[in-house]
>>> print(open('coords-v4.txt').read())   # compact mmCIF, N, CA and C atoms
# COMPACT_ATOMS: atom_id res chain seq x y z
N MET A 1 4.46 -6.75 -5.45
CA MET A 1 4.23 -8.09 -4.95
C MET A 1 3.02 -8.67 -5.66
N GLU A 2 3.09 -9.93 -5.91
CA GLU A 2 1.99 -10.56 -6.61
C GLU A 2 0.97 -11.14 -5.65
N HIS A 3 -0.28 -11.12 -6.07
CA HIS A 3 -1.38 -11.71 -5.32
C HIS A 3 -1.45 -13.17 -5.75
N THR A 4 -1.49 -14.06 -4.78
CA THR A 4 -1.54 -15.48 -5.08
C THR A 4 -2.76 -16.08 -4.40
N GLU A 5 -3.56 -16.79 -5.16
CA GLU A 5 -4.68 -17.50 -4.55
C GLU A 5 -4.79 -18.86 -5.21
N ARG A 6 -4.81 -19.87 -4.36
CA ARG A 6 -5.01 -21.22 -4.84
C ARG A 6 -6.22 -21.78 -4.11
N SER A 7 -7.02 -22.49 -4.81
CA SER A 7 -8.24 -23.03 -4.22
C SER A 7 -8.33 -24.52 -4.52
N ASN A 8 -8.85 -25.25 -3.57
CA ASN A 8 -9.04 -26.68 -3.75
C ASN A 8 -10.52 -26.97 -3.56
N GLN A 9 -11.14 -27.51 -4.56
CA GLN A 9 -12.55 -27.87 -4.47
C GLN A 9 -12.64 -29.33 -4.06
N SER A 10 -13.36 -29.58 -2.97
CA SER A 10 -13.56 -30.98 -2.58
C SER A 10 -14.70 -31.55 -3.42
N GLY A 11 -14.92 -32.81 -3.31
CA GLY A 11 -15.92 -33.48 -4.13
C GLY A 11 -17.32 -32.90 -4.01
N ASN A 12 -17.68 -32.32 -2.85
CA ASN A 12 -19.02 -31.80 -2.68
C ASN A 12 -19.13 -30.31 -3.02
N GLY A 13 -18.07 -29.73 -3.61
CA GLY A 13 -18.10 -28.34 -4.04
C GLY A 13 -17.64 -27.35 -2.99
N ASP A 14 -17.33 -27.83 -1.78
CA ASP A 14 -16.85 -26.93 -0.73
C ASP A 14 -15.37 -26.63 -0.95
N ARG A 15 -14.97 -25.38 -0.70
CA ARG A 15 -13.55 -25.02 -0.79
C ARG A 15 -12.90 -25.38 0.53
N THR A 16 -11.70 -25.93 0.47
CA THR A 16 -10.97 -26.25 1.69
C THR A 16 -9.93 -25.17 1.94
N ALA A 17 -9.81 -24.74 3.19
CA ALA A 17 -8.94 -23.63 3.54
C ALA A 17 -7.46 -23.99 3.48
N GLU A 18 -7.13 -25.27 3.48
CA GLU A 18 -5.73 -25.65 3.54
C GLU A 18 -4.93 -25.14 2.36
N ASN A 19 -5.55 -24.92 1.21
CA ASN A 19 -4.81 -24.56 0.01
C ASN A 19 -5.11 -23.15 -0.50
N ILE A 20 -5.77 -22.33 0.27
CA ILE A 20 -6.07 -20.98 -0.19
C ILE A 20 -5.08 -20.02 0.43
N GLU A 21 -4.39 -19.27 -0.42
CA GLU A 21 -3.45 -18.24 0.03
C GLU A 21 -3.79 -16.95 -0.69
N PHE A 22 -3.74 -15.85 0.05
CA PHE A 22 -3.94 -14.55 -0.57
C PHE A 22 -3.02 -13.54 0.08
N ALA A 23 -2.64 -12.52 -0.70
CA ALA A 23 -1.68 -11.51 -0.24
C ALA A 23 -2.43 -10.39 0.49
N PRO A 24 -1.99 -10.05 1.70
CA PRO A 24 -2.63 -8.93 2.40
C PRO A 24 -2.21 -7.60 1.76
N ALA A 25 -3.09 -6.63 1.82
CA ALA A 25 -2.74 -5.28 1.37
C ALA A 25 -1.75 -4.70 2.37
N VAL A 26 -0.72 -4.00 1.88
CA VAL A 26 0.30 -3.44 2.76
C VAL A 26 0.60 -1.99 2.40
N ASP A 27 1.06 -1.26 3.39
CA ASP A 27 1.65 0.06 3.21
C ASP A 27 3.04 -0.04 3.82
N ILE A 28 4.03 0.52 3.15
CA ILE A 28 5.40 0.53 3.66
C ILE A 28 5.91 1.96 3.56
N TYR A 29 6.47 2.46 4.65
CA TYR A 29 7.01 3.81 4.61
C TYR A 29 8.29 3.90 5.42
N ASP A 30 9.12 4.86 5.03
CA ASP A 30 10.42 5.09 5.63
C ASP A 30 10.30 6.29 6.57
N ARG A 31 10.61 6.08 7.85
CA ARG A 31 10.53 7.15 8.83
C ARG A 31 11.92 7.68 9.20
N GLY A 32 12.90 7.43 8.36
CA GLY A 32 14.25 7.91 8.61
C GLY A 32 15.07 6.90 9.40
N GLU A 33 14.66 6.63 10.64
CA GLU A 33 15.39 5.69 11.48
C GLU A 33 14.85 4.27 11.40
N GLU A 34 13.68 4.11 10.77
CA GLU A 34 13.08 2.78 10.65
C GLU A 34 12.18 2.71 9.43
N ILE A 35 11.95 1.49 8.99
CA ILE A 35 10.97 1.21 7.94
C ILE A 35 9.77 0.62 8.67
N VAL A 36 8.58 1.08 8.32
CA VAL A 36 7.35 0.57 8.93
C VAL A 36 6.53 -0.11 7.85
N LEU A 37 6.10 -1.33 8.13
CA LEU A 37 5.26 -2.10 7.23
C LEU A 37 3.94 -2.35 7.95
N VAL A 38 2.83 -2.00 7.31
CA VAL A 38 1.50 -2.19 7.88
C VAL A 38 0.73 -3.11 6.93
N ALA A 39 0.27 -4.25 7.45
CA ALA A 39 -0.45 -5.24 6.63
C ALA A 39 -1.86 -5.45 7.18
N ASP A 40 -2.83 -5.42 6.29
CA ASP A 40 -4.23 -5.63 6.65
C ASP A 40 -4.52 -7.13 6.65
N MET A 41 -4.75 -7.70 7.84
CA MET A 41 -4.97 -9.14 7.98
C MET A 41 -6.18 -9.41 8.87
N PRO A 42 -7.38 -9.00 8.44
CA PRO A 42 -8.56 -9.19 9.28
C PRO A 42 -8.86 -10.65 9.56
N GLY A 43 -9.29 -10.91 10.77
CA GLY A 43 -9.66 -12.27 11.16
C GLY A 43 -8.52 -13.13 11.62
N VAL A 44 -7.29 -12.61 11.63
CA VAL A 44 -6.14 -13.40 12.04
C VAL A 44 -5.83 -13.14 13.51
N PRO A 45 -5.84 -14.18 14.34
CA PRO A 45 -5.46 -13.98 15.75
C PRO A 45 -3.93 -13.94 15.87
N SER A 46 -3.44 -13.36 16.95
CA SER A 46 -1.98 -13.26 17.12
C SER A 46 -1.32 -14.64 17.15
N GLU A 47 -1.99 -15.64 17.72
CA GLU A 47 -1.39 -16.98 17.76
C GLU A 47 -1.37 -17.63 16.38
N GLY A 48 -2.09 -17.08 15.42
CA GLY A 48 -2.07 -17.61 14.05
C GLY A 48 -1.19 -16.79 13.13
N THR A 49 -0.36 -15.91 13.69
CA THR A 49 0.48 -15.01 12.90
C THR A 49 1.95 -15.40 13.04
N GLU A 50 2.66 -15.44 11.92
CA GLU A 50 4.09 -15.74 11.93
C GLU A 50 4.83 -14.69 11.13
N VAL A 51 5.99 -14.27 11.65
CA VAL A 51 6.88 -13.35 10.95
C VAL A 51 8.27 -13.97 10.99
N HIS A 52 8.89 -14.11 9.82
CA HIS A 52 10.22 -14.71 9.73
C HIS A 52 11.13 -13.84 8.89
N LEU A 53 12.39 -13.76 9.29
CA LEU A 53 13.43 -13.10 8.50
C LEU A 53 14.53 -14.13 8.28
N ASP A 54 14.77 -14.45 7.01
CA ASP A 54 15.78 -15.46 6.69
C ASP A 54 16.50 -15.04 5.42
N ARG A 55 17.79 -14.79 5.54
CA ARG A 55 18.65 -14.43 4.40
C ARG A 55 18.08 -13.28 3.58
N GLY A 56 17.64 -12.24 4.25
CA GLY A 56 17.14 -11.05 3.57
C GLY A 56 15.71 -11.13 3.09
N ALA A 57 15.02 -12.22 3.38
CA ALA A 57 13.61 -12.36 3.00
C ALA A 57 12.74 -12.28 4.25
N LEU A 58 11.88 -11.28 4.30
CA LEU A 58 10.95 -11.10 5.42
C LEU A 58 9.60 -11.66 4.99
N SER A 59 9.12 -12.67 5.70
CA SER A 59 7.85 -13.32 5.36
C SER A 59 6.84 -13.12 6.47
N ILE A 60 5.62 -12.82 6.07
CA ILE A 60 4.51 -12.75 7.03
C ILE A 60 3.47 -13.77 6.61
N ARG A 61 2.87 -14.40 7.60
CA ARG A 61 1.83 -15.41 7.34
C ARG A 61 0.81 -15.32 8.46
N GLY A 62 -0.44 -15.36 8.11
CA GLY A 62 -1.51 -15.36 9.09
C GLY A 62 -2.63 -16.28 8.66
N ARG A 63 -3.08 -17.12 9.56
CA ARG A 63 -4.13 -18.09 9.23
C ARG A 63 -5.50 -17.59 9.69
N VAL A 64 -6.43 -17.58 8.74
CA VAL A 64 -7.82 -17.26 9.03
C VAL A 64 -8.59 -18.57 9.00
N SER A 65 -9.24 -18.89 10.10
CA SER A 65 -10.01 -20.13 10.14
C SER A 65 -11.43 -19.81 10.59
N GLN A 66 -12.29 -20.76 10.40
CA GLN A 66 -13.69 -20.57 10.75
C GLN A 66 -14.26 -21.92 11.16
N GLU A 67 -15.00 -21.92 12.24
CA GLU A 67 -15.67 -23.15 12.67
C GLU A 67 -16.79 -23.47 11.68
N PRO A 68 -16.91 -24.73 11.29
CA PRO A 68 -18.00 -25.09 10.37
C PRO A 68 -19.34 -24.92 11.07
N PRO A 69 -20.37 -24.55 10.32
CA PRO A 69 -21.69 -24.36 10.93
C PRO A 69 -22.30 -25.71 11.32
N ALA A 70 -23.32 -25.66 12.17
CA ALA A 70 -24.00 -26.88 12.58
C ALA A 70 -24.75 -27.50 11.40
N GLY A 71 -25.15 -26.67 10.45
CA GLY A 71 -25.87 -27.16 9.26
C GLY A 71 -25.00 -27.08 8.02
N ARG A 72 -25.65 -27.03 6.89
CA ARG A 72 -24.96 -26.95 5.60
C ARG A 72 -24.91 -25.50 5.14
N TRP A 73 -23.78 -25.08 4.54
CA TRP A 73 -23.64 -23.72 4.04
C TRP A 73 -24.70 -23.45 2.98
N THR A 74 -25.36 -22.32 3.08
CA THR A 74 -26.23 -21.83 2.02
C THR A 74 -25.46 -20.80 1.20
N LEU A 75 -24.70 -19.95 1.90
CA LEU A 75 -23.84 -18.94 1.27
C LEU A 75 -22.65 -18.72 2.19
N GLN A 76 -21.46 -18.71 1.63
CA GLN A 76 -20.26 -18.44 2.42
C GLN A 76 -19.41 -17.44 1.67
N GLU A 77 -19.31 -16.21 2.21
CA GLU A 77 -18.53 -15.16 1.56
C GLU A 77 -17.27 -14.80 2.34
N PHE A 78 -17.20 -15.12 3.62
CA PHE A 78 -15.99 -14.82 4.38
C PHE A 78 -14.89 -15.74 3.90
N ARG A 79 -13.73 -15.15 3.64
CA ARG A 79 -12.60 -15.92 3.14
C ARG A 79 -11.85 -16.57 4.29
N VAL A 80 -11.48 -17.80 4.11
CA VAL A 80 -10.64 -18.51 5.06
C VAL A 80 -9.42 -19.01 4.31
N GLY A 81 -8.32 -19.12 5.00
CA GLY A 81 -7.08 -19.56 4.37
C GLY A 81 -5.91 -18.84 5.01
N ASP A 82 -4.87 -18.59 4.24
CA ASP A 82 -3.66 -17.97 4.76
C ASP A 82 -3.35 -16.67 4.02
N TYR A 83 -3.05 -15.64 4.79
CA TYR A 83 -2.43 -14.45 4.23
C TYR A 83 -0.95 -14.75 4.15
N VAL A 84 -0.34 -14.53 3.00
CA VAL A 84 1.08 -14.82 2.83
C VAL A 84 1.70 -13.72 1.98
N ARG A 85 2.83 -13.19 2.46
CA ARG A 85 3.53 -12.15 1.69
C ARG A 85 5.01 -12.20 2.08
N THR A 86 5.89 -12.03 1.11
CA THR A 86 7.33 -12.03 1.35
C THR A 86 7.94 -10.80 0.71
N PHE A 87 8.87 -10.19 1.44
CA PHE A 87 9.54 -8.98 0.99
C PHE A 87 11.05 -9.16 1.09
N THR A 88 11.78 -8.51 0.22
CA THR A 88 13.24 -8.49 0.31
C THR A 88 13.63 -7.33 1.21
N VAL A 89 14.47 -7.62 2.20
CA VAL A 89 14.90 -6.62 3.17
C VAL A 89 16.36 -6.31 2.92
N SER A 90 16.70 -5.03 2.88
CA SER A 90 18.08 -4.65 2.62
C SER A 90 18.95 -4.91 3.85
N GLU A 91 20.24 -4.85 3.65
CA GLU A 91 21.18 -5.05 4.74
C GLU A 91 21.20 -3.86 5.69
N ASP A 92 20.50 -2.79 5.33
CA ASP A 92 20.44 -1.60 6.18
C ASP A 92 19.61 -1.83 7.45
N ILE A 93 18.86 -2.91 7.50
CA ILE A 93 17.96 -3.19 8.62
C ILE A 93 18.69 -3.95 9.73
N ASP A 94 18.41 -3.58 10.97
CA ASP A 94 18.96 -4.29 12.13
C ASP A 94 18.01 -5.43 12.47
N PRO A 95 18.32 -6.67 12.13
CA PRO A 95 17.38 -7.77 12.33
C PRO A 95 17.01 -8.00 13.79
N ALA A 96 17.92 -7.71 14.71
CA ALA A 96 17.65 -7.94 16.13
C ALA A 96 16.61 -6.97 16.68
N GLY A 97 16.39 -5.85 16.01
CA GLY A 97 15.47 -4.85 16.52
C GLY A 97 14.08 -4.89 15.92
N ILE A 98 13.79 -5.84 15.02
CA ILE A 98 12.49 -5.90 14.38
C ILE A 98 11.41 -6.22 15.41
N ALA A 99 10.33 -5.45 15.37
CA ALA A 99 9.21 -5.64 16.30
C ALA A 99 7.92 -5.80 15.51
N ALA A 100 7.01 -6.64 16.02
CA ALA A 100 5.73 -6.89 15.35
C ALA A 100 4.59 -6.73 16.36
N GLU A 101 3.49 -6.12 15.89
CA GLU A 101 2.30 -5.95 16.73
C GLU A 101 1.07 -6.19 15.86
N LEU A 102 0.12 -6.95 16.39
CA LEU A 102 -1.14 -7.21 15.71
C LEU A 102 -2.25 -6.60 16.54
N LYS A 103 -3.00 -5.66 15.94
CA LYS A 103 -4.08 -5.00 16.66
C LYS A 103 -5.25 -4.79 15.71
N SER A 104 -6.40 -5.30 16.09
CA SER A 104 -7.63 -5.14 15.30
C SER A 104 -7.45 -5.56 13.85
N GLY A 105 -6.75 -6.66 13.63
CA GLY A 105 -6.58 -7.19 12.27
C GLY A 105 -5.53 -6.48 11.44
N VAL A 106 -4.74 -5.61 12.06
CA VAL A 106 -3.68 -4.90 11.34
C VAL A 106 -2.34 -5.28 11.96
N LEU A 107 -1.45 -5.84 11.14
CA LEU A 107 -0.11 -6.21 11.58
C LEU A 107 0.83 -5.05 11.26
N THR A 108 1.54 -4.57 12.28
CA THR A 108 2.51 -3.50 12.10
C THR A 108 3.89 -4.03 12.43
N LEU A 109 4.81 -3.92 11.47
CA LEU A 109 6.20 -4.32 11.68
C LEU A 109 7.06 -3.07 11.67
N ARG A 110 7.96 -2.98 12.63
CA ARG A 110 8.92 -1.88 12.69
C ARG A 110 10.30 -2.48 12.48
N LEU A 111 10.96 -2.03 11.42
CA LEU A 111 12.27 -2.54 11.05
C LEU A 111 13.28 -1.41 11.21
N PRO A 112 13.98 -1.37 12.35
CA PRO A 112 14.93 -0.28 12.58
C PRO A 112 16.15 -0.42 11.66
N LYS A 113 16.65 0.73 11.25
CA LYS A 113 17.85 0.73 10.42
C LYS A 113 19.07 0.53 11.31
N ALA A 114 20.07 -0.13 10.78
CA ALA A 114 21.32 -0.32 11.51
C ALA A 114 21.91 1.06 11.80
N ALA A 115 22.58 1.19 12.94
CA ALA A 115 23.09 2.49 13.39
C ALA A 115 23.93 3.18 12.33
N GLU A 116 24.77 2.43 11.64
CA GLU A 116 25.64 3.06 10.64
C GLU A 116 24.88 3.46 9.37
N LYS A 117 23.63 3.01 9.22
CA LYS A 117 22.85 3.34 8.03
C LYS A 117 21.81 4.41 8.28
N LYS A 118 21.60 4.80 9.54
CA LYS A 118 20.61 5.83 9.86
C LYS A 118 21.10 7.17 9.35
N PRO A 119 20.18 7.99 8.86
CA PRO A 119 20.60 9.32 8.44
C PRO A 119 21.06 10.12 9.66
N ARG A 120 22.08 10.91 9.48
CA ARG A 120 22.55 11.70 10.61
C ARG A 120 22.94 13.08 10.11
N LYS A 121 22.82 14.01 10.99
CA LYS A 121 23.20 15.38 10.68
C LYS A 121 24.64 15.58 11.14
N ILE A 122 25.44 16.15 10.27
CA ILE A 122 26.85 16.39 10.58
C ILE A 122 27.01 17.87 10.95
N GLU A 123 27.52 18.07 12.12
CA GLU A 123 27.71 19.45 12.60
C GLU A 123 28.86 20.09 11.86
N VAL A 124 28.66 21.31 11.44
CA VAL A 124 29.71 22.08 10.78
C VAL A 124 30.22 23.11 11.77
N ARG A 125 31.50 23.02 12.06
CA ARG A 125 32.12 23.96 13.01
C ARG A 125 32.86 25.04 12.24
N THR A 126 32.96 26.19 12.85
CA THR A 126 33.72 27.25 12.25
C THR A 126 35.17 27.13 12.68
N ALA A 127 36.06 27.46 11.76
CA ALA A 127 37.49 27.33 12.06
C ALA A 127 38.08 28.65 12.51
>>> encode(input="coords-v4.txt", output="structure tokens")
Amino acid sequence: MEHTERSNQSGNGDRTAENIEFAPAVDIYDRGEEIVLVADMPGVPSEGTEVHLDRGALSIRGRVSQEPPAGRWTLQEFRVGDYVRTFTVSEDIDPAGIAAELKSGVLTLRLPKAAEKKPRKIEVRTA
């Protein structure tokens, strides 16, 4: 996945958060019956988080915002803007069973595999 960042400089040199996008770091692993995606999205509240699945594209978005200070910025290093990442999801996933949880800035998605796609052990009987 590519990292995307766009920045808009206003006339006074301040960056505006409306146009800044960056890709969250993710880990994805297969647990046999489900795929788990873990995305690092610090500073994103649950009400600012969106997860969408549309035509095999799974998109995550989280908005990081910050109240402006009472005075003028001397130094600003905390990033504000949107975490945005899109993944292609195979047809092996059961879309109705996808679950999302945001805890301490970490978004965890559980994508269960469709019943017919889950690995299964076949019993061998003696004749």
>>> residues_around(input="coords-v4.txt", residues="Pro42 of chain A", least_positions_apart="5", cutoff="12 Å", atoms="only C-alpha atoms", output="ChimeraX atom specification")
/A:23-25,48-49,62-65,78-83,102-107
>>> closest_residue(input="coords-v4.txt", among="A:Pro112, A:Pro68, A:Pro45, A:Gly32", to="Pro95 of chain A", atoms="all atoms listed in the file")
A:Pro112
>>> select_by_dssp(input="coords-v4.txt", residues="segment 22-106 of chain A", states="helix (DSSP H, G or I)", output="list in words")
Ser46, Glu47, Gly48, Pro95, Ala96 and Gly97 of chain A
>>> write_last_selection(input="coords-v4.txt", atoms="N, CA and C atoms", output="mmCIF file, keeping the file's coordinate frame")
data_model
loop_
_atom_site.group_PDB
_atom_site.id
_atom_site.type_symbol
_atom_site.label_atom_id
_atom_site.label_comp_id
_atom_site.auth_asym_id
_atom_site.auth_seq_id
_atom_site.Cartn_x
_atom_site.Cartn_y
_atom_site.Cartn_z
ATOM 1 N N SER A 46 -3.440 -13.360 16.950
ATOM 2 C CA SER A 46 -1.980 -13.260 17.120
ATOM 3 C C SER A 46 -1.320 -14.640 17.150
ATOM 4 N N GLU A 47 -1.990 -15.640 17.720
ATOM 5 C CA GLU A 47 -1.390 -16.980 17.760
ATOM 6 C C GLU A 47 -1.370 -17.630 16.380
ATOM 7 N N GLY A 48 -2.090 -17.080 15.420
ATOM 8 C CA GLY A 48 -2.070 -17.610 14.050
ATOM 9 C C GLY A 48 -1.190 -16.790 13.130
ATOM 10 N N PRO A 95 18.320 -6.670 12.130
ATOM 11 C CA PRO A 95 17.380 -7.770 12.330
ATOM 12 C C PRO A 95 17.010 -8.000 13.790
ATOM 13 N N ALA A 96 17.920 -7.710 14.710
ATOM 14 C CA ALA A 96 17.650 -7.940 16.130
ATOM 15 C C ALA A 96 16.610 -6.970 16.680
ATOM 16 N N GLY A 97 16.390 -5.850 16.010
ATOM 17 C CA GLY A 97 15.470 -4.850 16.520
ATOM 18 C C GLY A 97 14.080 -4.890 15.920
#
>>> atom_distance(input="coords-v4.txt", atom1="atom C of Leu53 of chain A", atom2="atom N of Leu109 of chain A")
14.5 Å
>>> atom_distance(input="coords-v4.txt", atom1="atom C of Glu77 of chain A", atom2="atom N of Asp40 of chain A")
17.7 Å
>>> atom_distance(input="coords-v4.txt", atom1="atom CA of Ser46 of chain A", atom2="atom CA of Gly71 of chain A")
28.7 Å
>>> select_by_dssp(input="coords-v4.txt", residues="chain A", states="strand (DSSP E or B)", output="CSV table (one decimal) with N, CA and C atoms, keeping the file's coordinate frame")
chain,number,residue,atom,x,y,z
A,8,ASN,N,-8.8,-25.2,-3.6
A,8,ASN,CA,-9.0,-26.7,-3.8
A,8,ASN,C,-10.5,-27.0,-3.6
A,9,GLN,N,-11.1,-27.5,-4.6
A,9,GLN,CA,-12.6,-27.9,-4.5
A,9,GLN,C,-12.6,-29.3,-4.1
A,15,ARG,N,-15.0,-25.4,-0.7
A,15,ARG,CA,-13.6,-25.0,-0.8
A,15,ARG,C,-12.9,-25.4,0.5
A,16,THR,N,-11.7,-25.9,0.5
A,16,THR,CA,-11.0,-26.2,1.7
A,16,THR,C,-9.9,-25.2,1.9
A,21,GLU,N,-4.4,-19.3,-0.4
A,21,GLU,CA,-3.4,-18.2,0.0
A,21,GLU,C,-3.8,-17.0,-0.7
A,22,PHE,N,-3.7,-15.8,0.0
A,22,PHE,CA,-3.9,-14.6,-0.6
A,22,PHE,C,-3.0,-13.5,0.1
A,26,VAL,N,-0.7,-4.0,1.9
A,26,VAL,CA,0.3,-3.4,2.8
A,26,VAL,C,0.6,-2.0,2.4
A,27,ASP,N,1.1,-1.3,3.4
A,27,ASP,CA,1.6,0.1,3.2
A,27,ASP,C,3.0,0.0,3.8
A,28,ILE,N,4.0,0.5,3.2
A,28,ILE,CA,5.4,0.5,3.7
A,28,ILE,C,5.9,2.0,3.6
A,29,TYR,N,6.5,2.5,4.6
A,29,TYR,CA,7.0,3.8,4.6
A,29,TYR,C,8.3,3.9,5.4
A,30,ASP,N,9.1,4.9,5.0
A,30,ASP,CA,10.4,5.1,5.6
A,30,ASP,C,10.3,6.3,6.6
A,34,GLU,N,13.7,4.1,10.8
A,34,GLU,CA,13.1,2.8,10.6
A,34,GLU,C,12.2,2.7,9.4
A,35,ILE,N,12.0,1.5,9.0
A,35,ILE,CA,11.0,1.2,7.9
A,35,ILE,C,9.8,0.6,8.7
A,36,VAL,N,8.6,1.1,8.3
A,36,VAL,CA,7.4,0.6,8.9
A,36,VAL,C,6.5,-0.1,7.8
A,37,LEU,N,6.1,-1.3,8.1
A,37,LEU,CA,5.3,-2.1,7.2
A,37,LEU,C,3.9,-2.4,8.0
A,38,VAL,N,2.8,-2.0,7.3
A,38,VAL,CA,1.5,-2.2,7.9
A,38,VAL,C,0.7,-3.1,6.9
A,39,ALA,N,0.3,-4.2,7.4
A,39,ALA,CA,-0.4,-5.2,6.6
A,39,ALA,C,-1.9,-5.4,7.2
A,40,ASP,N,-2.8,-5.4,6.3
A,40,ASP,CA,-4.2,-5.6,6.6
A,40,ASP,C,-4.5,-7.1,6.6
A,49,THR,N,-0.4,-15.9,13.7
A,49,THR,CA,0.5,-15.0,12.9
A,49,THR,C,2.0,-15.4,13.0
A,50,GLU,N,2.7,-15.4,11.9
A,50,GLU,CA,4.1,-15.7,11.9
A,50,GLU,C,4.8,-14.7,11.1
A,51,VAL,N,6.0,-14.3,11.6
A,51,VAL,CA,6.9,-13.4,11.0
A,51,VAL,C,8.3,-14.0,11.0
A,52,HIS,N,8.9,-14.1,9.8
A,52,HIS,CA,10.2,-14.7,9.7
A,52,HIS,C,11.1,-13.8,8.9
A,53,LEU,N,12.4,-13.8,9.3
A,53,LEU,CA,13.4,-13.1,8.5
A,53,LEU,C,14.5,-14.1,8.3
A,54,ASP,N,14.8,-14.4,7.0
A,54,ASP,CA,15.8,-15.5,6.7
A,54,ASP,C,16.5,-15.0,5.4
A,57,ALA,N,15.0,-12.2,3.4
A,57,ALA,CA,13.6,-12.4,3.0
A,57,ALA,C,12.7,-12.3,4.2
A,58,LEU,N,11.9,-11.3,4.3
A,58,LEU,CA,11.0,-11.1,5.4
A,58,LEU,C,9.6,-11.7,5.0
A,59,SER,N,9.1,-12.7,5.7
A,59,SER,CA,7.8,-13.3,5.4
A,59,SER,C,6.8,-13.1,6.5
A,60,ILE,N,5.6,-12.8,6.1
A,60,ILE,CA,4.5,-12.8,7.0
A,60,ILE,C,3.5,-13.8,6.6
A,61,ARG,N,2.9,-14.4,7.6
A,61,ARG,CA,1.8,-15.4,7.3
A,61,ARG,C,0.8,-15.3,8.5
A,62,GLY,N,-0.4,-15.4,8.1
A,62,GLY,CA,-1.5,-15.4,9.1
A,62,GLY,C,-2.6,-16.3,8.7
A,63,ARG,N,-3.1,-17.1,9.6
A,63,ARG,CA,-4.1,-18.1,9.2
A,63,ARG,C,-5.5,-17.6,9.7
A,64,VAL,N,-6.4,-17.6,8.7
A,64,VAL,CA,-7.8,-17.3,9.0
A,64,VAL,C,-8.6,-18.6,9.0
A,81,GLY,N,-8.3,-19.1,5.0
A,81,GLY,CA,-7.1,-19.6,4.4
A,81,GLY,C,-5.9,-18.8,5.0
A,82,ASP,N,-4.9,-18.6,4.2
A,82,ASP,CA,-3.7,-18.0,4.8
A,82,ASP,C,-3.4,-16.7,4.0
A,83,TYR,N,-3.0,-15.6,4.8
A,83,TYR,CA,-2.4,-14.4,4.2
A,83,TYR,C,-1.0,-14.8,4.2
A,84,VAL,N,-0.3,-14.5,3.0
A,84,VAL,CA,1.1,-14.8,2.8
A,84,VAL,C,1.7,-13.7,2.0
A,85,ARG,N,2.8,-13.2,2.5
A,85,ARG,CA,3.5,-12.2,1.7
A,85,ARG,C,5.0,-12.2,2.1
A,86,THR,N,5.9,-12.0,1.1
A,86,THR,CA,7.3,-12.0,1.4
A,86,THR,C,7.9,-10.8,0.7
A,87,PHE,N,8.9,-10.2,1.4
A,87,PHE,CA,9.5,-9.0,1.0
A,87,PHE,C,11.0,-9.2,1.1
A,88,THR,N,11.8,-8.5,0.2
A,88,THR,CA,13.2,-8.5,0.3
A,88,THR,C,13.6,-7.3,1.2
A,93,ILE,N,18.9,-2.9,7.5
A,93,ILE,CA,18.0,-3.2,8.6
A,93,ILE,C,18.7,-4.0,9.7
A,99,ALA,N,10.3,-5.4,15.4
A,99,ALA,CA,9.2,-5.6,16.3
A,99,ALA,C,7.9,-5.8,15.5
A,100,ALA,N,7.0,-6.6,16.0
A,100,ALA,CA,5.7,-6.9,15.4
A,100,ALA,C,4.6,-6.7,16.4
A,101,GLU,N,3.5,-6.1,15.9
A,101,GLU,CA,2.3,-6.0,16.7
A,101,GLU,C,1.1,-6.2,15.9
A,102,LEU,N,0.1,-7.0,16.4
A,102,LEU,CA,-1.1,-7.2,15.7
A,102,LEU,C,-2.2,-6.6,16.5
A,103,LYS,N,-3.0,-5.7,15.9
A,103,LYS,CA,-4.1,-5.0,16.7
A,103,LYS,C,-5.2,-4.8,15.7
A,106,VAL,N,-4.7,-5.6,12.1
A,106,VAL,CA,-3.7,-4.9,11.3
A,106,VAL,C,-2.3,-5.3,12.0
A,107,LEU,N,-1.4,-5.8,11.1
A,107,LEU,CA,-0.1,-6.2,11.6
A,107,LEU,C,0.8,-5.0,11.3
A,108,THR,N,1.5,-4.6,12.3
A,108,THR,CA,2.5,-3.5,12.1
A,108,THR,C,3.9,-4.0,12.4
A,109,LEU,N,4.8,-3.9,11.5
A,109,LEU,CA,6.2,-4.3,11.7
A,109,LEU,C,7.1,-3.1,11.7
A,110,ARG,N,8.0,-3.0,12.6
A,110,ARG,CA,8.9,-1.9,12.7
A,110,ARG,C,10.3,-2.5,12.5
A,111,LEU,N,11.0,-2.0,11.4
A,111,LEU,CA,12.3,-2.5,11.0
A,111,LEU,C,13.3,-1.4,11.2
A,112,PRO,N,14.0,-1.4,12.4
A,112,PRO,CA,14.9,-0.3,12.6
A,112,PRO,C,16.2,-0.4,11.7
A,113,LYS,N,16.6,0.7,11.2
A,113,LYS,CA,17.8,0.7,10.4
A,113,LYS,C,19.1,0.5,11.3
